Amino acid sequence: MNHSSKTIANGILRAVAIIVGIVLSLYFLYQIRSVIAYLAIAAVIALLGRPITLFLRRKLKFPNTLAVIVTMVLFVTILMGIIALFVPLINEQGKSLSLLDIEALKADVNTLYLEILEYMGASTADLNELIKNSDLEKSVLEGLNLNFIPNILNSFLNVLSSFSIGLFSVLFISFFFLKDSKLLQKGLLTFIPQKKEGNLIVSIDKINGLLSRYFIGILVQLTILFVIYMITLLIVGVDNAIVIAFLCALFNIIPYIGPIIGAVIMVTLTMTSHLGMDFSTVILPKAGYVLIGVFIGQMVDNFFSQPFIFSTSVRSHPLEIFLVIIIAGLLFGVVGMVVAVPGYTAIKVILKEFLRENTFVKKFTKNV
């Protein structure tokens with residue numbers, strides 16, 4: 001009995017120690033979440049830059065360090081170009097877009113709301129009297145809850161305050177990830193038993209290849225949508241069409257929800273930018289043309305871009321990806337939806353390398 005009690009006590013202590021260790025590890029990871037975010041972003045940049053670096057080294061015979069420097073300069077140039085595109089336009093055209101003037105935005109949306117109701121058959125005089133007597137205007141504006149916009153702007157400024165540190169950290173880590181493609185691999189190997197090192201090396205190589213193609217495919221997808229949206233907005237005659245098209249295309253990074261958000265933004269800005277014109281002959285048709293452009297963009301995306309990306313990069317069926325994204329969204333929200341496909345791909349590769357003899361794993365990962 002004493003020996004049995006001692007064994008049980010040791011088992012309980014061991015279980016408690018393991019739980020405490022896990023909790024402390026999770027707490028530690030939470031405390032260094034910014035560093036983890038820098039590493040993750042740097043790893044994505046390294047995956048995107050890997051094909052460029054290889055091209056420079058193999059085709060143009062660049063030395064490794066020079067190829068990495070050129071790749072990093074290219075990324076920095078693209079980032080600076082995006083900033084140069086947005087900052088002046090937002091500062092100079094903020095009033096026309098009604099993005100920085102909250103009161104103007106409220107007035108524009110309220111005016112648009114009234115015109116829609118009038119178009120649907122409501123009398124302007126009766127509507128004004130109804131609004132006056134029932135405080136409908138106030139309730140509508142409260143329902144719109146546009147006060148979140150200043151909070152977003154404040155949060156954005158807080159992010160900008162630490163942007164320089166984050167940018168330097170990401171660029172610094174990315175440089176060494178590109179310069180020494182095995183650097184991350186060497187770090188992970190320190191936590192893996194020696195007999196499993198070969199499996200990890202193969203897994204990392206496969207993940208690098210698959211995710212490099214996936215992120216390049218995402219860039220192609222966003223570029224196609226950006227061009228379609230930009231052409232649509234230019235034809236309709238919306239101010240700052242390039243900025244709006246870029247922003248709405250970027251929302252497509254968020255699966256399923258992103259395109260809806262982008263469409264709502266495009267239609268709303270199209271309608272508010274033509275306020276003062278006739279609703280039935282100008283505003284409504286232009287909004288319809290924008291919706292047609294969004295529809296065409298999504299058809300191209302759903303039937304060309306996404307199947308091509310999923311089949312050639314992550315090698316998973318679109319229905320399989322759909323279920324994974326929905327589950328990740330339910331569990332982890334928007335962030336889960338964004339990282340669902342890369343994470344799912346990495347898990348499939350790791351399972352195939354470490355559990356290749358398992359019957360279920362064989363069937364589950366047969367295309368990887």
# chains A, B, ... in the order shown; residues from 1 in each chain; ligands from 1
$ residues_around --residues "stretch 297-308 of chain A" --least-positions-apart "6" --cutoff "12 Å" --atoms "only C-alpha atoms" --output "PyMOL selection string"
chain A and resi 213-232+245+248-249+252-253+255-256+258-260+262-263+290-291+314-322+341
$ residues_around --residues "A:Thr345" --least-positions-apart "4" --cutoff "12 Å" --atoms "only C-alpha atoms" --output "PyMOL selection string"
chain A and resi 203-204+206-214+310-311+313-317+320-321+324-325+339-341+349-352+364-365+367-368
$ write_last_selection --atoms "N, CA and C atoms" --output "CSV table (one decimal), in the first residue's frame"
chain,number,residue,atom,x,y,z
A,203,SER,N,10.2,18.1,-43.6
A,203,SER,CA,8.9,18.8,-43.4
A,203,SER,C,9.1,20.3,-43.7
A,204,ILE,N,10.2,20.9,-43.2
A,204,ILE,CA,10.5,22.3,-43.3
A,204,ILE,C,10.7,22.6,-44.8
A,206,LYS,N,9.5,21.0,-47.4
A,206,LYS,CA,8.2,20.9,-48.1
A,206,LYS,C,7.3,22.1,-47.8
A,207,ILE,N,7.3,22.5,-46.5
A,207,ILE,CA,6.4,23.6,-46.1
A,207,ILE,C,6.9,24.9,-46.8
A,208,ASN,N,8.2,25.1,-46.8
A,208,ASN,CA,8.8,26.3,-47.5
A,208,ASN,C,8.3,26.3,-48.9
A,209,GLY,N,8.4,25.2,-49.6
A,209,GLY,CA,8.0,25.2,-51.0
A,209,GLY,C,6.6,25.4,-51.2
A,210,LEU,N,5.7,24.8,-50.4
A,210,LEU,CA,4.3,24.9,-50.6
A,210,LEU,C,3.8,26.3,-50.2
A,211,LEU,N,4.3,26.8,-49.1
A,211,LEU,CA,3.8,28.2,-48.7
A,211,LEU,C,4.4,29.3,-49.5
A,212,SER,N,5.6,29.1,-50.1
A,212,SER,CA,6.1,30.1,-51.0
A,212,SER,C,5.2,30.3,-52.2
A,213,ARG,N,4.8,29.1,-52.8
A,213,ARG,CA,3.8,29.2,-53.9
A,213,ARG,C,2.5,29.7,-53.4
A,214,TYR,N,2.1,29.4,-52.2
A,214,TYR,CA,0.8,29.9,-51.7
A,214,TYR,C,0.8,31.4,-51.6
A,310,PHE,N,-5.1,26.9,-54.6
A,310,PHE,CA,-5.2,25.7,-53.7
A,310,PHE,C,-4.7,24.4,-54.3
A,311,SER,N,-4.9,24.3,-55.6
A,311,SER,CA,-4.5,23.0,-56.2
A,311,SER,C,-3.0,23.0,-56.5
A,313,SER,N,-0.6,25.0,-55.0
A,313,SER,CA,0.3,25.4,-53.9
A,313,SER,C,0.1,24.5,-52.7
A,314,VAL,N,-1.1,24.6,-52.0
A,314,VAL,CA,-1.3,23.9,-50.8
A,314,VAL,C,-1.8,22.5,-51.1
A,315,ARG,N,-2.2,22.2,-52.3
A,315,ARG,CA,-2.6,20.9,-52.8
A,315,ARG,C,-3.7,20.3,-51.9
A,316,SER,N,-4.7,21.1,-51.7
A,316,SER,CA,-5.9,20.7,-51.0
A,316,SER,C,-7.2,21.0,-51.8
A,317,HIS,N,-8.2,20.3,-51.6
A,317,HIS,CA,-9.5,20.5,-52.3
A,317,HIS,C,-10.1,21.8,-51.8
A,320,GLU,N,-12.3,21.2,-48.9
A,320,GLU,CA,-11.5,21.0,-47.7
A,320,GLU,C,-11.0,22.3,-47.1
A,321,ILE,N,-10.6,23.2,-47.9
A,321,ILE,CA,-10.1,24.5,-47.5
A,321,ILE,C,-11.3,25.3,-46.9
A,324,VAL,N,-12.0,24.1,-43.4
A,324,VAL,CA,-10.9,24.4,-42.5
A,324,VAL,C,-11.0,25.9,-42.1
A,325,ILE,N,-11.3,26.8,-43.1
A,325,ILE,CA,-11.4,28.2,-42.8
A,325,ILE,C,-12.6,28.5,-41.9
A,339,VAL,N,-4.9,32.7,-41.1
A,339,VAL,CA,-3.8,31.8,-41.0
A,339,VAL,C,-4.2,30.4,-41.1
A,340,ALA,N,-5.5,30.1,-41.4
A,340,ALA,CA,-6.0,28.7,-41.5
A,340,ALA,C,-5.3,27.9,-42.6
A,341,VAL,N,-5.2,28.5,-43.8
A,341,VAL,CA,-4.7,27.7,-44.9
A,341,VAL,C,-3.2,27.4,-44.7
A,349,VAL,N,1.8,18.5,-43.7
A,349,VAL,CA,3.2,18.1,-44.1
A,349,VAL,C,3.8,17.4,-42.9
A,350,ILE,N,3.7,18.0,-41.7
A,350,ILE,CA,4.3,17.4,-40.5
A,350,ILE,C,3.7,16.1,-40.2
A,351,LEU,N,2.4,15.9,-40.3
A,351,LEU,CA,1.8,14.6,-40.0
A,351,LEU,C,2.3,13.5,-41.0
A,352,LYS,N,2.5,13.9,-42.3
A,352,LYS,CA,3.0,13.0,-43.3
A,352,LYS,C,4.4,12.5,-43.0
A,364,PHE,N,-5.1,11.0,-45.6
A,364,PHE,CA,-5.3,12.4,-45.3
A,364,PHE,C,-4.3,13.3,-46.1
A,365,THR,N,-3.1,12.7,-46.2
A,365,THR,CA,-2.0,13.5,-46.8
A,365,THR,C,-1.5,13.0,-48.1
A,367,ASN,N,-2.0,13.8,-51.2
A,367,ASN,CA,-1.7,14.7,-52.2
A,367,ASN,C,-0.5,15.7,-51.8
A,368,VAL,N,0.0,15.6,-50.6
A,368,VAL,CA,1.0,16.5,-50.1
A,368,VAL,C,2.4,16.0,-50.6
$ residues_around --residues "stretch 56-68 of chain A" --least-positions-apart "3" --cutoff "9 Å" --atoms "only C-alpha atoms" --output "list in words"
Gly49, Arg50, Pro51, Ile52, Thr53, Thr71, Met72, Val73, Phe175, Phe176, Leu178 and Lys179 of chain A
$ atom_distance --atom1 "atom CA of A:Thr270" --atom2 "atom CA of A:Ile254"
22.4 Å
$ atom_distance --atom1 "atom CA of A:Pro285" --atom2 "atom CA of A:Met271"
9.6 Å
$ residues_around --residues "A:Phe172" --least-positions-apart "2" --cutoff "12 Å" --atoms "only C-alpha atoms" --output "list in words"
Tyr38, Leu39, Ile41, Ala42, Ala43, Ile45, Ala46, Val68, Ile69, Met72, Val76, Ile165, Gly166, Leu167, Phe168, Ser169, Val170, Ser174, Phe175, Phe176, Phe177, Leu178 and Lys179 of chain A
